[in-house]
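One file, model_18.txt, carrying compact mmCIF, C-alpha atoms:
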```
# COMPACT_ATOMS: atom_id res chain seq x y z
CA MET A 51 -45.04 93.27 64.63
CA ASN A 52 -45.58 95.53 67.64
CA LYS A 53 -44.67 98.62 65.60
CA ILE A 54 -47.09 97.58 62.84
CA LEU A 55 -49.89 97.34 65.41
CA ILE A 56 -48.96 100.74 66.86
CA VAL A 57 -49.20 102.36 63.41
CA ALA A 58 -52.46 100.48 62.69
CA ARG A 59 -53.93 101.63 66.01
CA ARG A 60 -53.00 105.22 65.26
CA GLU A 61 -54.54 105.08 61.79
CA PHE A 62 -57.68 103.43 63.16
CA LEU A 63 -58.26 105.83 66.06
CA THR A 64 -57.46 109.03 64.15
CA ARG A 65 -60.16 108.16 61.60
CA VAL A 66 -62.77 106.65 63.89
CA GLN A 67 -62.65 109.60 66.31
CA LYS A 68 -63.40 112.12 63.57
CA LYS A 69 -66.91 113.58 63.35
CA THR A 70 -66.95 112.85 59.61
CA PHE A 71 -66.67 109.12 60.37
CA LEU A 72 -69.68 109.21 62.66
CA LEU A 73 -71.68 111.30 60.21
CA THR A 74 -70.94 109.11 57.18
CA THR A 75 -71.39 105.88 59.15
CA ILE A 76 -74.78 106.84 60.60
CA LEU A 77 -76.23 109.25 58.03
CA LEU A 78 -75.29 107.37 54.85
CA PRO A 79 -77.39 104.25 55.54
CA LEU A 80 -80.23 106.47 56.77
CA LEU A 81 -80.00 108.46 53.53
CA ILE A 82 -79.98 105.27 51.45
CA PHE A 83 -82.95 103.93 53.40
CA GLY A 84 -84.78 107.24 52.90
CA PHE A 85 -84.33 107.09 49.13
CA TYR A 86 -85.33 103.42 49.19
CA ALA A 87 -88.48 104.22 51.15
CA LEU A 88 -89.36 107.07 48.79
CA MET A 89 -88.95 104.79 45.78
CA ILE A 90 -91.32 102.25 47.34
CA TYR A 91 -93.77 104.99 48.34
CA PHE A 92 -94.00 106.48 44.85
CA SER A 93 -94.15 103.00 43.31
CA VAL A 94 -97.08 102.05 45.53
CA LYS A 95 -98.89 105.38 45.94
CA GLY A 96 -97.71 107.62 43.14
CA SER A 97 -99.01 105.87 40.02
CA ASP A 98 -102.24 107.14 38.39
CA THR A 99 -104.52 104.86 36.42
CA TYR A 100 -104.36 105.54 32.68
CA THR A 101 -108.00 105.51 31.48
CA ILE A 102 -108.91 104.64 27.90
CA ALA A 103 -112.43 104.94 26.48
CA VAL A 104 -113.34 102.36 23.82
CA THR A 105 -116.13 102.53 21.26
CA ASP A 106 -116.10 99.27 19.34
CA GLN A 107 -118.83 98.99 16.71
CA THR A 108 -117.55 95.53 15.72
CA ASN A 109 -118.00 94.13 19.27
CA THR A 110 -114.55 92.58 19.10
CA LEU A 111 -112.88 93.65 22.33
CA GLU A 112 -115.43 94.07 25.13
CA LYS A 113 -116.20 90.41 25.87
CA VAL A 114 -112.56 89.32 25.75
CA MET A 115 -110.74 92.33 27.22
CA GLY A 116 -110.67 91.05 30.79
CA SER A 117 -110.60 92.99 34.05
CA ASN A 118 -108.83 96.32 34.55
CA ASN A 119 -105.73 96.80 36.66
CA LYS A 120 -104.34 99.76 38.59
CA GLU A 121 -102.16 100.95 35.73
CA VAL A 122 -104.62 100.87 32.81
CA ALA A 123 -108.45 100.89 32.81
CA PHE A 124 -110.63 100.42 29.73
CA THR A 125 -114.15 101.92 29.67
CA PHE A 126 -116.48 100.77 26.88
CA LEU A 127 -118.90 103.39 25.55
CA GLN A 128 -121.73 102.34 23.25
CA ASP A 129 -123.14 104.52 20.44
CA GLU A 130 -120.39 107.15 20.75
CA THR A 131 -118.97 108.86 17.67
CA GLU A 132 -115.32 109.57 17.13
CA ALA A 133 -116.01 113.31 17.28
CA GLY A 134 -117.76 112.83 20.61
CA LEU A 135 -114.81 110.86 21.94
CA LYS A 136 -112.45 113.61 20.83
CA ASN A 137 -114.51 116.29 22.60
CA ARG A 138 -114.62 114.27 25.80
CA LEU A 139 -110.86 113.69 25.53
CA ASP A 140 -110.36 117.46 25.20
CA ASN A 141 -112.42 117.88 28.37
CA LYS A 142 -110.04 115.40 30.09
CA GLU A 143 -112.77 112.88 30.92
CA PHE A 144 -110.23 110.16 30.09
CA ASP A 145 -106.60 109.94 29.01
CA GLY A 146 -107.09 108.33 25.60
CA TYR A 147 -109.63 106.64 23.38
CA ILE A 148 -109.99 103.85 20.85
CA TYR A 149 -112.58 104.09 18.06
CA ILE A 150 -113.25 101.01 15.96
CA PRO A 151 -115.84 101.68 13.19
CA SER A 152 -118.11 98.99 11.83
CA GLY A 153 -116.59 96.89 9.10
CA SER A 154 -113.09 97.00 10.60
CA ASP A 155 -111.06 93.80 10.67
CA VAL A 156 -108.94 94.35 13.77
CA THR A 157 -108.09 90.65 14.02
CA GLY A 158 -106.68 90.78 10.52
CA ARG A 159 -105.42 93.63 8.40
CA ASP A 160 -106.58 96.74 10.32
CA THR A 161 -104.58 98.45 13.07
CA ILE A 162 -106.06 99.63 16.35
CA ARG A 163 -105.09 103.25 17.02
CA VAL A 164 -104.97 104.61 20.59
CA ILE A 165 -105.51 108.38 20.53
CA ALA A 166 -103.67 109.69 23.59
CA GLY A 167 -104.47 112.99 25.24
CA LYS A 168 -101.82 112.49 27.91
CA LYS A 169 -98.27 111.27 27.43
CA ALA A 170 -98.02 107.58 28.24
CA GLY A 171 -94.88 105.95 29.63
CA ILE A 172 -93.20 102.91 28.15
CA SER A 173 -94.67 100.65 30.86
CA THR A 174 -98.20 101.92 30.15
CA ILE A 175 -97.77 101.49 26.39
CA GLU A 176 -96.54 97.92 26.85
CA ASN A 177 -99.44 97.20 29.21
CA VAL A 178 -102.03 98.47 26.71
CA GLU A 179 -100.44 96.63 23.79
CA ASP A 180 -100.20 93.39 25.77
CA ARG A 181 -103.85 93.45 26.89
CA ILE A 182 -105.21 94.32 23.44
CA ASN A 183 -103.07 91.70 21.71
CA LYS A 184 -104.19 89.03 24.18
CA ALA A 185 -107.82 90.03 23.66
CA LEU A 186 -107.47 89.84 19.88
CA GLU A 187 -105.72 86.49 20.15
CA GLU A 188 -108.51 85.11 22.32
CA LYS A 189 -111.17 86.51 19.96
CA GLN A 190 -109.48 84.84 17.00
CA LEU A 191 -109.25 81.50 18.81
CA LEU A 192 -112.92 81.68 19.79
CA SER A 193 -113.80 82.16 16.13
CA TYR A 194 -112.66 78.57 15.54
CA ASN A 195 -115.72 77.37 17.54
CA LEU A 196 -113.70 76.48 20.61
CA THR A 197 -115.45 76.46 23.95
CA LYS A 198 -114.22 78.66 26.79
CA LEU A 199 -113.05 75.55 28.65
CA GLN A 200 -111.05 74.39 25.63
CA LEU A 201 -109.57 77.86 25.19
CA ASP A 202 -108.47 78.02 28.82
CA SER A 203 -106.90 74.59 28.50
CA LEU A 204 -105.12 75.67 25.32
CA GLN A 205 -103.74 78.84 26.87
CA LYS A 206 -102.61 77.13 30.07
CA SER A 207 -98.84 76.81 29.97
CA GLY A 208 -97.27 73.47 30.82
CA LYS A 209 -94.92 73.07 33.75
CA VAL A 210 -91.26 72.49 33.02
CA LYS A 211 -88.90 71.45 35.81
CA PHE A 212 -85.12 71.25 35.83
CA VAL A 213 -83.84 68.27 37.81
CA SER A 214 -80.19 67.62 38.68
CA ILE A 215 -78.49 64.33 37.96
CA LYS A 216 -79.01 63.47 41.64
CA GLY A 217 -82.77 63.83 41.21
CA GLU A 218 -83.02 67.18 43.05
CA GLU A 219 -85.39 69.74 41.59
CA GLU A 220 -83.77 72.99 40.43
CA SER A 221 -85.76 75.81 42.02
CA LYS A 222 -86.27 78.88 39.84
CA THR A 223 -86.82 80.95 42.98
CA LYS A 224 -83.52 79.77 44.45
CA ALA A 225 -81.76 80.57 41.17
CA GLY A 226 -83.19 84.10 41.25
CA ILE A 227 -82.19 84.61 44.88
CA SER A 228 -78.68 83.27 44.17
CA TYR A 229 -78.41 85.64 41.22
CA GLY A 230 -79.34 88.63 43.37
CA VAL A 231 -77.16 87.66 46.34
CA GLY A 232 -74.16 86.95 44.10
CA PHE A 233 -74.54 90.20 42.18
CA ILE A 234 -74.94 92.34 45.32
CA SER A 235 -72.03 90.64 47.13
CA GLY A 236 -69.66 91.00 44.19
CA PHE A 237 -70.69 94.61 43.58
CA LEU A 238 -70.21 95.50 47.26
CA ILE A 239 -66.64 94.16 47.22
CA TYR A 240 -66.06 96.07 43.96
CA ILE A 241 -67.12 99.33 45.64
CA ILE A 242 -65.13 98.52 48.81
CA LEU A 243 -61.90 97.92 46.88
CA PHE A 244 -62.20 101.29 45.18
CA ILE A 245 -63.24 103.32 48.24
CA TYR A 246 -60.86 101.97 50.84
CA GLY A 247 -57.99 101.34 48.43
CA THR A 248 -58.16 104.97 47.40
CA MET A 249 -58.35 105.94 51.09
CA VAL A 250 -55.05 104.13 51.72
CA MET A 251 -53.43 105.87 48.75
CA ARG A 252 -54.58 109.31 49.89
CA GLY A 253 -53.40 108.64 53.46
CA VAL A 254 -49.91 107.78 52.18
CA MET A 255 -49.87 110.82 49.86
CA GLU A 256 -50.92 113.18 52.67
CA GLU A 257 -48.17 111.99 54.99
CA LYS A 258 -45.58 112.16 52.22
CA VAL A 259 -46.56 115.69 51.14
CA SER A 260 -46.67 116.95 54.75
CA ARG A 261 -43.27 115.28 55.42
CA ILE A 262 -44.69 113.43 58.46
CA SER A 263 -43.48 110.15 56.97
CA GLU A 264 -39.84 111.38 57.26
CA VAL A 265 -40.27 111.62 61.03
CA ILE A 266 -42.10 108.29 61.33
CA VAL A 267 -39.58 106.24 59.31
CA SER A 268 -36.82 107.37 61.66
CA SER A 269 -38.22 104.89 64.19
CA VAL A 270 -40.33 102.56 62.01
CA LYS A 271 -39.29 100.67 58.91
CA PRO A 272 -41.08 101.73 55.70
CA PHE A 273 -42.60 98.25 55.34
CA GLN A 274 -43.95 98.38 58.89
CA LEU A 275 -45.39 101.83 58.23
CA MET A 276 -47.10 100.62 55.05
CA MET A 277 -48.58 97.52 56.71
CA GLY A 278 -49.74 99.54 59.70
CA LYS A 279 -51.59 101.99 57.47
CA ILE A 280 -53.16 99.15 55.48
CA LEU A 281 -54.37 97.31 58.60
CA GLY A 282 -55.54 100.46 60.37
CA ILE A 283 -57.57 101.80 57.45
CA GLY A 284 -58.84 98.30 56.73
CA GLY A 285 -60.10 98.04 60.31
CA VAL A 286 -61.93 101.35 59.85
CA GLY A 287 -63.52 100.04 56.66
CA LEU A 288 -64.56 96.75 58.24
CA LEU A 289 -66.07 98.48 61.28
CA GLN A 290 -67.92 100.96 59.09
CA PHE A 291 -69.21 98.21 56.83
CA ILE A 292 -70.47 96.12 59.78
CA ILE A 293 -72.29 99.16 61.23
CA TRP A 294 -73.85 99.88 57.82
CA GLY A 295 -75.01 96.27 57.53
CA VAL A 296 -76.57 96.24 61.00
CA ILE A 297 -78.37 99.57 60.43
CA ILE A 298 -79.68 98.70 56.97
CA VAL A 299 -80.87 95.24 58.02
CA SER A 300 -82.55 96.72 61.10
CA LEU A 301 -84.28 99.39 59.04
CA GLN A 302 -85.74 96.73 56.73
CA PHE A 303 -87.99 95.59 59.56
CA LEU A 304 -89.51 99.08 59.68
CA LEU A 305 -90.88 98.86 56.13
CA PRO A 306 -94.04 96.91 57.08
CA PHE A 307 -94.82 99.56 59.70
CA ILE A 308 -94.12 102.48 57.34
CA PHE A 309 -96.03 100.89 54.45
CA PRO A 310 -98.74 98.64 55.95
CA GLY A 311 -100.17 96.21 53.44
CA LEU A 312 -97.16 96.60 51.16
CA ALA A 313 -97.03 92.89 50.26
CA GLU A 314 -100.73 92.83 49.36
CA GLN A 315 -100.40 95.91 47.18
CA MET A 316 -97.44 94.41 45.36
CA GLN A 317 -99.33 91.18 44.75
CA SER A 318 -102.43 93.03 43.56
CA GLY A 319 -100.40 94.79 40.90
CA ALA A 320 -99.62 98.16 42.45
CA MET A 321 -96.00 97.80 41.46
CA GLN A 322 -96.44 95.69 38.35
CA SER A 323 -93.81 96.71 35.85
CA PRO A 324 -93.13 94.04 33.20
CA GLN A 325 -89.99 92.91 35.05
CA MET A 326 -91.78 92.72 38.42
CA ALA A 327 -94.66 90.87 36.81
CA GLN A 328 -92.25 88.17 35.65
CA ALA A 329 -90.71 88.00 39.13
CA GLY A 330 -94.13 87.82 40.72
CA GLU A 331 -95.15 85.07 38.34
CA ALA A 332 -92.04 83.12 39.27
CA VAL A 333 -92.85 83.47 42.97
CA LYS A 334 -96.45 82.51 42.31
CA ASN A 335 -95.46 79.41 40.35
CA SER A 336 -93.11 78.39 43.14
CA GLY A 337 -95.85 78.53 45.76
CA GLY A 338 -96.12 82.25 46.62
CA MET A 339 -94.47 83.45 49.80
CA SER A 340 -93.97 79.88 51.02
CA GLY A 341 -92.00 79.17 47.84
CA LEU A 342 -89.96 82.33 48.37
CA MET A 343 -89.17 81.35 51.95
CA GLN A 344 -88.24 77.87 50.80
CA GLY A 345 -85.90 79.37 48.20
CA LEU A 346 -84.28 81.52 50.89
CA SER A 347 -83.86 78.50 53.15
CA GLU A 348 -82.02 76.65 50.36
CA VAL A 349 -79.38 79.41 50.09
CA ASN A 350 -76.37 78.79 52.37
CA PHE A 351 -76.08 82.26 53.89
CA GLY A 352 -73.52 81.06 56.45
CA LEU A 353 -71.14 80.09 53.65
CA ILE A 354 -71.86 83.31 51.76
CA ILE A 355 -71.20 85.56 54.77
CA GLY A 356 -68.01 83.68 55.66
CA CYS A 357 -66.68 83.86 52.09
CA PHE A 358 -67.72 87.50 51.84
CA LEU A 359 -65.65 88.43 54.89
CA PHE A 360 -62.65 86.41 53.65
CA TYR A 361 -62.71 87.87 50.13
CA PHE A 362 -63.42 91.34 51.49
CA VAL A 363 -60.33 91.20 53.73
CA GLY A 364 -58.17 89.35 51.19
CA GLY A 365 -59.13 91.62 48.29
CA TYR A 366 -58.65 94.73 50.39
CA LEU A 367 -55.18 93.67 51.61
CA LEU A 368 -54.11 92.73 48.08
CA TYR A 369 -55.25 95.94 46.40
CA SER A 370 -54.53 98.34 49.27
CA SER A 371 -50.84 97.39 49.18
CA LEU A 372 -50.77 98.34 45.50
CA PHE A 373 -52.65 101.58 46.20
CA ALA A 374 -50.17 102.35 48.98
CA ALA A 375 -47.27 101.80 46.57
CA VAL A 376 -48.79 104.27 44.12
CA GLY A 377 -49.40 106.79 46.91
CA SER A 378 -45.76 106.60 47.98
CA ALA A 379 -44.52 107.22 44.43
CA VAL A 380 -46.45 110.41 43.63
CA ASN A 381 -45.98 113.97 44.84
CA GLU A 382 -48.36 116.92 45.14
CA ASP A 383 -49.90 116.55 41.66
CA PRO A 384 -52.97 114.22 41.79
CA GLN A 385 -52.72 113.67 38.03
CA ASP A 386 -49.56 111.65 38.60
CA ALA A 387 -51.58 109.24 40.71
CA GLN A 388 -54.26 108.92 38.02
CA SER A 389 -51.73 107.85 35.42
CA LEU A 390 -50.25 105.22 37.75
CA LEU A 391 -53.63 103.85 38.87
CA LEU A 392 -54.69 102.46 35.48
CA PRO A 393 -52.87 99.08 35.79
CA ILE A 394 -54.45 98.65 39.26
CA THR A 395 -58.02 99.65 38.45
CA MET A 396 -58.28 97.72 35.18
CA PRO A 397 -58.35 94.26 36.89
CA ILE A 398 -61.12 95.50 39.23
CA ILE A 399 -63.19 96.70 36.27
CA PHE A 400 -62.43 93.48 34.39
CA ALA A 401 -63.61 91.51 37.45
CA ILE A 402 -67.00 93.25 37.55
CA VAL A 403 -67.46 92.47 33.83
CA ILE A 404 -66.74 88.77 34.45
CA MET A 405 -69.04 88.81 37.46
CA MET A 406 -71.95 89.99 35.27
CA LYS A 407 -71.64 86.78 33.27
CA THR A 408 -70.80 84.54 36.23
CA VAL A 409 -74.07 85.21 38.09
CA ASN A 410 -75.84 83.49 35.18
CA GLU A 411 -73.18 80.90 34.28
CA PRO A 412 -71.23 80.05 37.46
CA ASN A 413 -69.53 77.01 35.90
CA SER A 414 -68.29 78.58 32.65
CA GLY A 415 -64.59 78.67 31.79
CA LEU A 416 -64.50 82.46 32.18
CA ALA A 417 -66.08 82.17 35.63
CA LEU A 418 -63.53 79.53 36.65
CA PHE A 419 -60.61 81.73 35.52
CA GLY A 420 -62.02 84.87 37.17
CA SER A 421 -62.60 83.07 40.49
CA MET A 422 -59.04 81.65 40.54
CA PHE A 423 -57.03 84.69 39.42
CA PRO A 424 -56.17 86.63 42.63
CA LEU A 425 -56.80 90.07 41.13
CA THR A 426 -60.38 89.17 40.13
CA SER A 427 -61.34 86.36 42.55
CA PRO A 428 -62.63 88.62 45.41
CA ILE A 429 -65.44 89.83 43.13
CA VAL A 430 -66.05 86.87 40.80
CA MET A 431 -65.98 84.11 43.42
CA MET A 432 -68.86 85.68 45.35
CA ALA A 433 -71.06 85.28 42.26
CA ARG A 434 -70.23 81.54 42.23
CA VAL A 435 -70.50 80.95 45.98
CA ALA A 436 -74.04 82.38 45.98
CA HIS A 437 -75.17 79.38 43.88
CA GLY A 438 -73.91 77.00 46.57
CA ILE A 439 -71.58 74.03 46.78
CA PRO A 440 -71.19 72.04 44.55
CA ASP A 441 -73.72 73.69 42.18
CA GLY A 442 -71.81 76.95 41.77
CA VAL A 443 -68.31 76.01 42.92
CA THR A 444 -66.66 72.91 44.35
CA TRP A 445 -64.85 72.82 47.69
CA ILE A 446 -61.53 72.17 45.94
CA GLN A 447 -61.95 75.20 43.67
CA LEU A 448 -62.93 77.38 46.64
CA ILE A 449 -59.91 76.28 48.71
CA ILE A 450 -57.53 76.77 45.77
CA SER A 451 -58.98 80.22 45.13
CA MET A 452 -58.47 81.20 48.79
CA LEU A 453 -54.88 79.92 48.79
CA LEU A 454 -54.13 81.78 45.55
CA LEU A 455 -55.60 84.97 47.03
CA ILE A 456 -53.39 84.61 50.12
CA GLY A 457 -50.37 84.00 47.88
CA GLY A 458 -51.34 87.01 45.75
CA PHE A 459 -51.53 89.19 48.85
CA ILE A 460 -48.08 88.04 50.01
CA PHE A 461 -46.62 88.77 46.56
CA THR A 462 -48.24 92.21 46.15
CA THR A 463 -47.21 93.15 49.70
CA TRP A 464 -43.60 92.24 48.95
CA LEU A 465 -43.81 94.12 45.63
CA ALA A 466 -45.42 97.19 47.20
CA GLY A 467 -42.93 97.14 50.08
CA LYS A 468 -40.00 97.39 47.66
CA ILE A 469 -41.65 100.35 45.92
CA TYR A 470 -42.81 101.97 49.16
CA ARG A 471 -39.39 102.08 50.88
CA THR A 472 -37.93 104.08 47.97
CA GLY A 473 -40.92 106.16 46.91
CA ILE A 474 -41.92 107.42 50.38
CA LEU A 475 -38.70 109.50 50.63
CA LEU A 476 -38.48 110.53 46.97
CA TYR A 477 -39.51 114.10 46.12
CA GLY A 478 -39.49 116.38 43.10
CA LYS A 479 -39.51 113.66 40.43
CA LYS A 480 -42.34 112.34 38.28
CA VAL A 481 -42.31 108.57 38.62
CA THR A 482 -43.33 106.06 35.96
CA TRP A 483 -44.03 102.34 36.22
CA LYS A 484 -40.74 101.68 34.48
CA GLU A 485 -38.94 103.54 37.27
CA MET A 486 -40.92 101.66 39.93
CA ILE A 487 -39.93 98.31 38.41
CA LYS A 488 -36.27 99.37 38.80
CA TRP A 489 -36.92 99.97 42.49
CA VAL A 490 -38.25 96.40 42.81
CA ARG A 491 -35.14 94.94 41.15
CA ARG A 492 -32.80 97.05 43.27
```

Write the structure described by the file as structure tokens, please.
Amino acid sequence: MNKILIVARREFLTRVQKKTFLLTTILLPLLIFGFYALMIYFSVKGSDTYTIAVTDQTNTLEKVMGSNNKEVAFTFLQDETEAGLKNRLDNKEFDGYIYIPSGSDVTGRDTIRVIAGKKAGISTIENVEDRINKALEEKQLLSYNLTKLQLDSLQKSGKVKFVSIKGEEESKTKAGISYGVGFISGFLIYIILFIYGTMVMRGVMEEKVSRISEVIVSSVKPFQLMMGKILGIGGVGLLQFIIWGVIIVSLQFLLPFIFPGLAEQMQSGAMQSPQMAQAGEAVKNSGGMSGLMQGLSEVNFGLIIGCFLFYFVGGYLLYSSLFAAVGSAVNEDPQDAQSLLLPITMPIIFAIVIMMKTVNEPNSGLALFGSMFPLTSPIVMMARVAHGIPDGVTWIQLIISMLLLIGGFIFTTWLAGKIYRTGILLYGKKVTWKEMIKWVRR
């Protein structure tokens, strides 16, 4: 055990003391935050209002169109001809126009044409279509001699609540937060397994190609060398990930100072894409910011963070041993490693596919299988844990999943150790999985 720790310490210090480690650890989150801030800036500040002039000789739209928003503004012009609208459009007085001649039946058979002088995006087109269709619908309902009060009552949607068998109300806000937390957690572990697993494989390949491993195994057993490299590089990854988390979370508190009034602008529609409008409506229906904070308080972040660390470490140890085995079996040609990596990377990709479904259906049969199978559980289980206990996963299922992951790590470590002790000193031969299985049986 002492020799394993010596190798792990060497692997840890040689990587942490490099300038590239400091640069990637500090600059990468700053770069991500910079892009994030630019996205918010252009979403809030960079959108121009698309102006549409309307001449409606049938008086169908003006009284029912409603107020303008930041994305699209309608201006009604009386006694304007279509030729006049076209000339004013050519002079760029507005971005598009609608001309409805007298005798048109826009609530029936006739189509409203928007003549655009400037290219409109998909969000703008959907916004215009939605507002015009709602105006026509309201005009048609008013034609049935309904009062405005009756119309508002008719258009008001009823409230539907999901209640558990225990009588607890199912919060839509909490479900949305659980969806996002589960997706982000699973995706982070997915990225971590690829990045640091590949780092272990490359570290083993470099030492094998440079023949350093021949000197090291003269005083350290191959299994000890493999475990030391796995633990050392894993410690680097964990330290780097913790630093990233602290920096990114700290930078989040700077957003209100960089973009003052950001929340108000979002609520007033400055960032209202169709998807964000639905999310904003959900927050509004749940009680605004108080409902959002209540939804956050209902999520067990202590359990999520604890499970994240366990599945991060367990998944890394399981897969890094397999990546180390592949690294010990290949020589100078990187293409040899690519051909051997397929059986290892396929379960990771399969896990992210299952996770996409699990964030919506945490209790499905596929989610249960993915969260129990050791090769997929580090990613899939996080999508279930985010929904809480026992809503997303039971304590028994969580404990069984953890025990299976520990057992899977022990098995893959034994398997990789058998391959590693032969492959690390084998040169000049292209190795296949069939050959590696023979080394395990030997």

* Asked: Mind pulling up the distance from CA of Val259 (chain A) to CA of Tyr477 (chain A)?
  -> 8.8 Å

Counting only C-alpha atoms, which residues in region 389-439 of chain A sit no more than 7 Å from region 448-462 of chain A? For each one, give the nearest pair of atoms and the distance in Å, sorted by chain then residue number, as JSON lines.
```
{"residue": "A:Ser421", "atom": "CA", "partner": "A:Ser451", "partner_atom": "CA", "distance": 6.5}
{"residue": "A:Met422", "atom": "CA", "partner": "A:Ser451", "partner_atom": "CA", "distance": 4.8}
{"residue": "A:Pro424", "atom": "CA", "partner": "A:Leu455", "partner_atom": "CA", "distance": 4.7}
```

* Which of A:Arg252, A:Leu390, A:Ile245, A:Leu301 sits closest to Lys484 (chain A) [using all atoms listed in the file] -> A:Leu390

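Among the candidate residues A:Gly278, A:Gly167, A:Gly134, A:Pro79, the one lying nearest to Ser371 (chain A) is A:Gly278, with distances computed using all atoms listed in the file.
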
* **Local residues around (-73.3, 78.4, 38.9), at most 7 Å away, using only C-alpha atoms, as a ChimeraX atom specification** => /A:409-413,434,437,441-443

* To do: Do a neighbour search on Thr157 (chain A) at 9 Å with only C-alpha atoms, toss out local chain neighbours closer than 3 positions, and write the hits as a list of chain:residue names.
  =>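 My reading of the contact set: A:Thr110, A:Ser154, A:Asp160, A:Thr161, A:Leu186, A:Glu187, A:Lys189, A:Gln190.
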
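Computed from the coordinates, the CA of Asn350 (chain A) to CA of Ile293 (chain A) distance equals 22.6 Å.
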
Env of Val430 (chain A): 10 Å cut, atoms = all atoms listed in the file, seq-sep filter 5 positions within chain, self excluded. Answer as a compact mmCIF listing (two decimals) with C-alpha atoms, in the frame of the given file.
```
# COMPACT_ATOMS: atom_id res chain seq x y z
CA GLY A 232 -74.16 86.95 44.10
CA PHE A 233 -74.54 90.20 42.18
CA SER A 235 -72.03 90.64 47.13
CA GLY A 236 -69.66 91.00 44.19
CA PHE A 237 -70.69 94.61 43.58
CA ILE A 239 -66.64 94.16 47.22
CA TYR A 240 -66.06 96.07 43.96
CA TYR A 361 -62.71 87.87 50.13
CA PHE A 400 -62.43 93.48 34.39
CA ALA A 401 -63.61 91.51 37.45
CA ILE A 402 -67.00 93.25 37.55
CA VAL A 403 -67.46 92.47 33.83
CA ILE A 404 -66.74 88.77 34.45
CA MET A 405 -69.04 88.81 37.46
CA MET A 406 -71.95 89.99 35.27
CA LYS A 407 -71.64 86.78 33.27
CA THR A 408 -70.80 84.54 36.23
CA VAL A 409 -74.07 85.21 38.09
CA PRO A 412 -71.23 80.05 37.46
CA LEU A 416 -64.50 82.46 32.18
CA ALA A 417 -66.08 82.17 35.63
CA LEU A 418 -63.53 79.53 36.65
CA PHE A 419 -60.61 81.73 35.52
CA GLY A 420 -62.02 84.87 37.17
CA SER A 421 -62.60 83.07 40.49
CA MET A 422 -59.04 81.65 40.54
CA PHE A 423 -57.03 84.69 39.42
CA LEU A 425 -56.80 90.07 41.13
CA VAL A 435 -70.50 80.95 45.98
```

* Using CA of Arg138 (chain A) and CA of Arg163 (chain A) as the two end points, give the distance in Å to one decimal. => 17.0 Å

* Asked: Of the candidates A:Val122, A:Val490, A:Ile474, A:Met432, which shows the shortest atom-to-atom distance to Lys271 (chain A), using only C-alpha atoms?
  -> A:Ile474

* Given all atoms listed in the file as the counted atoms, nearest of A:Lys279, A:Trp294, A:Met396, A:Ile439 to Phe351 (chain A) -> A:Ile439

* Which neighbours of Phe126 (chain A) fall inside 10 Å, counting only C-alpha atoms, when residues of the same chain fewer than 5 positions from it are skipped, and could you give them as a list of chain:residue names? ->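 In the requested format, the answer is A:Ile102, A:Ala103, A:Val104, A:Thr105, A:Asp106, A:Leu111, A:Glu112, A:Tyr147, A:Ile148.
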
Could those selected residues go to a file with C-alpha atoms, as an mmCIF file, keeping the file's coordinate frame?
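This went into part.cif:
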```
data_model
loop_
_atom_site.group_PDB
_atom_site.id
_atom_site.type_symbol
_atom_site.label_atom_id
_atom_site.label_comp_id
_atom_site.auth_asym_id
_atom_site.auth_seq_id
_atom_site.Cartn_x
_atom_site.Cartn_y
_atom_site.Cartn_z
ATOM 1 C CA ILE A 102 -108.910 104.640 27.900
ATOM 2 C CA ALA A 103 -112.430 104.940 26.480
ATOM 3 C CA VAL A 104 -113.340 102.360 23.820
ATOM 4 C CA THR A 105 -116.130 102.530 21.260
ATOM 5 C CA ASP A 106 -116.100 99.270 19.340
ATOM 6 C CA LEU A 111 -112.880 93.650 22.330
ATOM 7 C CA GLU A 112 -115.430 94.070 25.130
ATOM 8 C CA TYR A 147 -109.630 106.640 23.380
ATOM 9 C CA ILE A 148 -109.990 103.850 20.850
#
```

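Of the listed residues (A:Met115, A:Asn195, A:Phe124, A:Ile234), A:Phe124 comes nearest to Val164 (chain A); the distances count all atoms listed in the file.
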
* Given all atoms listed in the file as the counted atoms, nearest of A:Ile487, A:Leu238, A:Leu359, A:Ile165 to Leu289 (chain A) ->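 Under the stated criterion, the closest residue is A:Leu359.
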
* **Contacts of Ala123 (chain A) at 9 Å (only C-alpha atoms; same-chain gap of 2+ positions) as number ranges by chain** => A: 99-103, 117-121, 125
